[in-house]
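Novice: Provided below: final_26.cif, containing mmCIF, C-alpha atoms.
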data_entry
#
loop_
_atom_site.label_atom_id
_atom_site.label_comp_id
_atom_site.auth_asym_id
_atom_site.auth_seq_id
_atom_site.Cartn_x
_atom_site.Cartn_y
_atom_site.Cartn_z
CA MET A 651 0.00 0.00 0.00
CA ASN A 652 1.36 3.43 -0.90
CA TRP A 653 1.41 6.44 1.41
CA ARG A 654 -1.76 7.87 -0.17
CA GLY A 655 -3.69 4.73 0.69
CA GLU A 656 -2.35 4.75 4.24
CA THR A 657 -3.39 8.39 4.62
CA ASP A 658 -6.90 7.61 3.37
CA LEU A 659 -7.22 4.84 5.96
CA LEU A 660 -6.00 7.07 8.79
CA ARG A 661 -8.39 9.94 8.09
CA PRO A 662 -11.48 8.23 9.59
CA LEU A 663 -9.43 7.31 12.67
CA ALA A 664 -8.31 10.92 13.04
CA ARG A 665 -11.89 12.18 12.72
CA ALA A 666 -13.03 9.66 15.33
CA GLY A 667 -10.22 10.78 17.65
CA HIS A 668 -11.23 14.42 17.28
CA ALA A 669 -14.87 13.55 17.94
CA LEU A 670 -13.90 11.67 21.11
CA LEU A 671 -11.76 14.61 22.26
CA ASP A 672 -14.68 17.00 21.68
CA LEU A 673 -16.92 14.72 23.73
CA VAL A 674 -14.51 14.50 26.68
CA TYR A 675 -13.25 18.09 26.44
CA PRO A 676 -15.87 20.21 24.66
CA PRO A 677 -14.39 23.17 22.73
CA SER A 678 -14.45 26.37 24.75
CA CYS A 679 -13.40 29.98 24.17
CA LEU A 680 -9.72 30.52 24.93
CA ILE A 681 -10.58 33.60 26.98
CA CYS A 682 -13.98 33.29 28.68
CA ARG A 683 -14.45 29.47 28.40
CA LYS A 684 -17.88 29.72 26.71
CA ALA A 685 -18.74 26.95 24.27
CA VAL A 686 -17.40 27.42 20.72
CA ALA A 687 -17.45 25.36 17.54
CA ALA A 688 -13.83 24.18 17.57
CA HIS A 689 -10.81 23.88 19.84
CA GLY A 690 -8.42 26.84 19.75
CA ALA A 691 -11.17 29.36 18.94
CA ILE A 692 -12.53 32.51 20.55
CA CYS A 693 -16.21 33.29 20.97
CA ALA A 694 -17.77 36.12 18.97
CA GLU A 695 -18.09 38.40 22.00
CA CYS A 696 -14.42 38.11 22.99
CA TRP A 697 -13.36 38.43 19.35
CA ARG A 698 -15.16 41.78 19.11
CA ASP A 699 -13.39 43.00 22.23
CA ILE A 700 -9.85 42.27 20.99
CA ALA A 701 -8.35 45.51 19.68
CA PHE A 702 -6.84 44.07 16.49
CA ILE A 703 -4.28 46.27 14.73
CA GLU A 704 -5.01 46.76 11.05
CA ARG A 705 -3.93 49.28 8.43
CA PRO A 706 -3.47 52.19 8.37
CA TYR A 707 -0.46 51.97 10.68
CA CYS A 708 3.14 53.18 10.89
CA GLU A 709 5.20 51.05 8.53
CA ARG A 710 8.16 51.02 10.97
CA LEU A 711 6.52 50.58 14.38
CA GLY A 712 3.20 49.04 13.39
CA THR A 713 1.27 51.50 15.57
CA PRO A 714 -2.17 52.37 14.20
CA PHE A 715 -3.02 55.81 12.83
CA GLU A 716 -6.22 57.55 13.89
CA ARG A 717 -7.30 58.08 10.28
CA ASP A 718 -6.35 56.87 6.84
CA LEU A 719 -4.34 59.52 4.98
CA ALA A 720 -4.26 57.35 1.83
CA GLN A 721 -0.46 57.60 1.66
CA PRO A 722 1.12 54.13 1.71
CA GLY A 723 4.44 53.79 3.51
CA LEU A 724 3.86 56.54 6.09
CA ILE A 725 5.78 56.38 9.36
CA SER A 726 4.75 57.93 12.66
CA LEU A 727 6.37 60.91 14.34
CA GLU A 728 7.70 58.55 17.01
CA ALA A 729 9.42 56.37 14.40
CA ALA A 730 10.95 59.44 12.76
CA ALA A 731 12.15 60.91 16.06
CA ASN A 732 13.40 57.62 17.58
CA PRO A 733 13.97 55.09 14.78
CA PRO A 734 14.12 51.53 16.11
CA ALA A 735 17.06 49.23 15.45
CA PHE A 736 14.70 46.74 13.76
CA GLY A 737 13.28 47.40 10.31
CA ARG A 738 9.54 46.82 10.76
CA ALA A 739 7.33 45.76 13.65
CA ARG A 740 3.97 44.03 13.33
CA ALA A 741 1.51 43.00 16.05
CA VAL A 742 -1.83 41.23 16.25
CA ALA A 743 -3.49 43.49 18.80
CA ARG A 744 -3.11 46.41 21.17
CA TYR A 745 -1.80 45.52 24.61
CA ASP A 746 -4.34 47.85 26.24
CA SER A 747 -7.07 45.45 25.14
CA ASP A 748 -8.11 43.42 28.19
CA LYS A 749 -8.72 40.34 26.04
CA ALA A 750 -5.37 40.47 24.23
CA ARG A 751 -3.53 41.14 27.48
CA ALA A 752 -5.32 38.21 29.12
CA LEU A 753 -4.12 35.83 26.40
CA ALA A 754 -0.53 37.08 26.66
CA HIS A 755 -0.55 36.76 30.46
CA ARG A 756 -2.09 33.29 30.46
CA LEU A 757 0.58 31.99 28.10
CA LYS A 758 3.43 33.72 29.94
CA TYR A 759 2.51 33.31 33.60
CA TYR A 760 0.02 30.45 33.79
CA ASP A 761 1.68 27.78 31.62
CA ARG A 762 -1.18 27.79 29.09
CA LEU A 763 0.99 26.34 26.33
CA GLU A 764 -2.07 25.39 24.27
CA LEU A 765 -2.46 29.13 23.55
CA ALA A 766 0.80 29.26 21.57
CA GLU A 767 -0.69 27.61 18.48
CA PRO A 768 -3.70 29.94 17.94
CA MET A 769 -1.69 33.01 18.99
CA GLY A 770 1.07 31.98 16.60
CA ARG A 771 -1.51 31.55 13.84
CA TRP A 772 -2.75 35.10 14.31
CA MET A 773 0.83 36.38 14.45
CA ALA A 774 1.70 34.62 11.20
CA ARG A 775 -1.26 36.37 9.58
CA ALA A 776 -0.38 39.79 11.01
CA GLY A 777 3.27 39.39 10.01
CA ALA A 778 2.73 37.77 6.61
CA GLU A 779 4.74 40.43 4.77
CA LEU A 780 7.65 40.03 7.17
CA LEU A 781 7.62 36.25 6.91
CA ALA A 782 7.48 36.43 3.11
CA ASP A 783 10.90 38.13 3.19
CA ALA A 784 12.34 36.05 6.05
CA ASP A 785 15.05 33.40 5.97
CA ILE A 786 14.91 32.53 9.65
CA ILE A 787 12.78 33.08 12.77
CA VAL A 788 14.50 33.81 16.10
CA PRO A 789 12.72 34.12 19.48
CA ILE A 790 13.73 36.56 22.21
CA PRO A 791 15.51 34.32 24.72
CA LEU A 792 15.24 34.18 28.49
CA HIS A 793 18.30 34.17 30.70
CA ARG A 794 19.01 30.61 31.87
CA LEU A 795 18.13 31.48 35.47
CA ARG A 796 14.74 32.89 34.42
CA LEU A 797 14.16 29.88 32.16
CA PHE A 798 14.91 27.54 35.08
CA THR A 799 12.31 29.19 37.31
CA ARG A 800 9.65 29.65 34.59
CA ARG A 801 10.30 26.28 32.87
CA PHE A 802 9.52 27.49 29.36
CA ASN A 803 10.03 30.51 27.11
CA GLN A 804 6.74 31.87 25.78
CA SER A 805 8.51 33.62 22.87
CA ALA A 806 10.08 30.32 21.82
CA ALA A 807 6.68 28.59 21.94
CA LEU A 808 5.22 31.30 19.68
CA ALA A 809 8.22 31.12 17.32
CA GLN A 810 7.76 27.36 16.94
CA ALA A 811 4.10 27.79 16.10
CA ILE A 812 4.81 30.55 13.58
CA SER A 813 7.53 28.42 11.98
CA ARG A 814 5.13 25.47 11.54
CA ILE A 815 2.47 27.69 10.02
CA SER A 816 4.72 29.76 7.74
CA ALA A 817 7.31 27.08 6.86
CA VAL A 818 10.07 29.58 7.71
CA PRO A 819 12.71 27.70 9.75
CA ALA A 820 13.33 28.75 13.34
CA ALA A 821 16.75 29.03 14.98
CA MET A 822 15.59 28.49 18.54
CA MET A 823 19.01 28.73 20.21
CA ALA A 824 20.74 31.24 17.94
CA LEU A 825 20.27 34.20 20.27
CA GLU A 826 21.37 34.04 23.90
CA ARG A 827 20.60 36.27 26.85
CA VAL A 828 23.88 36.64 28.72
CA LYS A 829 22.82 39.29 31.23
CA PRO A 830 19.92 38.71 33.65
CA ARG A 831 17.00 41.06 33.34
CA ALA A 832 17.23 44.00 35.74
CA PRO A 833 14.14 45.98 36.83
CA GLN A 834 13.04 48.43 34.11
CA VAL A 835 10.21 50.11 36.02
CA GLY A 836 10.67 53.86 36.37
CA LEU A 837 13.57 54.09 33.94
CA THR A 838 13.73 56.56 31.05
CA ARG A 839 14.08 55.36 27.45
CA ALA A 840 17.83 56.01 27.55
CA GLN A 841 18.20 54.24 30.91
CA ARG A 842 16.28 51.22 29.65
CA ALA A 843 18.57 51.00 26.62
CA ALA A 844 21.65 51.25 28.83
CA ASN A 845 20.22 48.63 31.19
CA LEU A 846 19.96 46.16 28.31
CA SER A 847 23.27 46.99 26.65
CA GLY A 848 25.18 43.77 26.08
CA ALA A 849 22.28 41.63 27.31
CA PHE A 850 22.17 39.49 24.14
CA ARG A 851 24.62 37.77 21.86
CA VAL A 852 24.47 35.34 18.97
CA SER A 853 25.84 31.95 19.91
CA PRO A 854 29.17 31.45 18.08
CA GLU A 855 28.13 27.89 17.23
CA ARG A 856 25.01 29.19 15.47
CA ALA A 857 26.37 32.37 13.88
CA ASP A 858 26.20 30.84 10.39
CA ALA A 859 22.41 30.62 10.70
CA ILE A 860 22.26 34.41 11.13
CA ASP A 861 25.01 35.76 8.87
CA GLY A 862 23.52 37.33 5.74
CA ARG A 863 19.97 36.27 6.64
CA ASN A 864 16.73 38.20 6.91
CA VAL A 865 15.56 37.55 10.46
CA VAL A 866 12.11 37.82 12.01
CA LEU A 867 12.53 38.34 15.75
CA VAL A 868 9.59 37.01 17.79
CA ASP A 869 8.35 38.12 21.20
CA ASP A 870 5.01 38.03 23.00
CA VAL A 871 4.66 41.72 23.88
CA LEU A 872 6.28 44.98 22.74
CA THR A 873 6.21 47.88 25.21
CA THR A 874 9.08 50.40 25.08
CA GLY A 875 11.08 48.47 22.47
CA ALA A 876 14.25 48.40 24.60
CA THR A 877 14.46 44.60 24.65
CA ALA A 878 13.70 44.25 20.94
CA ASN A 879 16.27 46.91 20.04
CA ALA A 880 18.99 45.26 22.16
CA ALA A 881 18.28 41.85 20.62
CA THR A 882 18.19 43.35 17.13
CA ARG A 883 21.59 44.99 17.60
CA ALA A 884 23.08 41.66 18.62
CA LEU A 885 21.68 40.01 15.48
CA LEU A 886 22.91 42.82 13.22
CA LYS A 887 26.35 42.66 14.86
CA ALA A 888 26.42 38.94 14.00
CA GLY A 889 25.82 39.78 10.34
CA ALA A 890 22.04 39.62 9.91
CA ALA A 891 21.05 41.38 6.69
CA ARG A 892 17.79 42.64 8.17
CA VAL A 893 15.81 42.19 11.38
CA ASP A 894 12.03 42.66 11.60
CA LEU A 895 9.94 42.21 14.73
CA LEU A 896 6.73 40.20 15.17
CA VAL A 897 4.80 40.24 18.46
CA PHE A 898 1.36 39.21 19.64
CA ALA A 899 0.49 42.50 21.36
CA ARG A 900 2.08 45.92 21.49
CA ALA A 901 1.66 48.98 23.69
CA VAL A 902 0.20 51.97 21.86
CA THR A 903 0.90 55.33 23.47
CA SER A 904 -0.85 57.31 20.75
CA ALA A 905 -3.02 56.31 17.80
#
Would you mind writing the file's structure down as structure tokens?
Specialist:
Amino acid sequence: MNWRGETDLLRPLARAGHALLDLVYPPSCLICRKAVAAHGAICAECWRDIAFIERPYCERLGTPFERDLAQPGLISLEAAANPPAFGRARAVARYDSDKARALAHRLKYYDRLELAEPMGRWMARAGAELLADADIIVPIPLHRLRLFTRRFNQSAALAQAISRISAVPAAMMALERVKPRAPQVGLTRAQRAANLSGAFRVSPERADAIDGRNVVLVDDVLTTGATANAATRALLKAGAARVDLLVFARAVTSA
């Protein structure tokens, strides 16, 4: 029997397995736990409450504009005044949305690893233009002490999901965090940048995966951009041709 015949035989078994799973664990909304049609879905009410980011937005920072000026390629005043180290940033939703923030927190702090797949699917859609130009996906790493206490890296889980969906390979261990995270609360933009100076490096054993490549850097949340900028500079120093940033949610100070 060829592989096509084997696949045809397995399909009814897979459907039966899914039906049994639905019977034992009925599909529920990822946020409010109301009944939904399929696993990994969000109910209509929660979907309406997620502040999705769509065009028009700043082509550098991905922050939404208040109105459409019908001028493609516009960048915001913030991007012009303080250009980021990365080329372009894209996000699924605004971090000030309670629903989007709840998803990010549940993945990060409550070990809800099943959220990585649907969140990664939405990220792949939001960052389609970045992924179309990408050679490699790299997650923001945790310092080994933080990884030991948290047990998993939420950015790595999202990067794996995005890689499966987009077929862009992921270099999970290419970037290393060599300096533990110090408190950032209350620091100015310049102080945050200084605090993260030298925090990341590209592993010498994996430098070939970065050299000359277009990289999509993946993180769960973008706030001030200090972490993303520090990681981007490490990738560029290692020879990356371009670094773009893809996150699930981003802070929006003005729209």
Novice: Find, counting only C-alpha atoms, the residue in A:Thr882, A:Ser816, A:Gln810, A:Ser805 that gets nearest to A:Asp869.
Specialist: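 Answer, going by the shortest atom-to-atom distance: A:Ser805.
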Novice: Can you pull out every residue within 9 Å of A:Val742, counting only C-alpha atoms, but drop anything in the same chain fewer than 6 positions away, and send it as a ChimeraX atom specification?
Specialist: /A:701-704,750,769,772-773,775-777,896-900
Novice: Can you tell me how far atom CA of A:Ile787 sits from atom CA of A:Val852, in Å to one decimal?
Specialist: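 Atom CA of A:Ile787 sits 13.4 Å away from atom CA of A:Val852.
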Novice: For A:Met823, please output as an MDAnalysis selection string all residues within 9 Å (counting all atoms listed in the file; exclusion window: fewer than 5 positions along the same chain).
Specialist: chainID A and resid 788:789 791 852:853 856
Novice: Which neighbours of A:Ile681 fall inside 12 Å, counting all atoms listed in the file, when residues of the same chain fewer than 6 positions from it are skipped, and could you give them as a list in words?
Specialist: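 Within the cut-off, the hits are Gly690, Ala691, Ile692, Cys693, Ala694, Glu695, Cys696, Trp697, Asp699, Ile700, Asp748, Lys749, Ala750, Arg751, Ala752, Leu753, Ala754, His755, Arg756, Leu757, Arg762, Leu765, Pro768 and Met769 of chain A.
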Novice: Pull out every residue that the PyMOL selection byres ((chain A and resi 828) around 12) matches in the shown coordinates and put them as number ranges by chain.
Specialist: A: 791-796, 825-827, 829-831, 846-853, 880-881, 884
Novice: Which residues, written as a ChimeraX atom specification, have at least one atom at most 12 Å from A:Gly875, with all atoms listed in the file counted and residues fewer than 2 positions away on the same chain left out?
Specialist: /A:711,728-729,732-736,738-739,834,839-840,842-843,846,869,871-873,877-882,895-897,900-902
Novice: Give me, please, the distance in Å between atom CA of A:Gly862 and atom CA of A:Ala784, quoted to one decimal.
Specialist: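 Atom CA of A:Gly862 sits 11.3 Å away from atom CA of A:Ala784.
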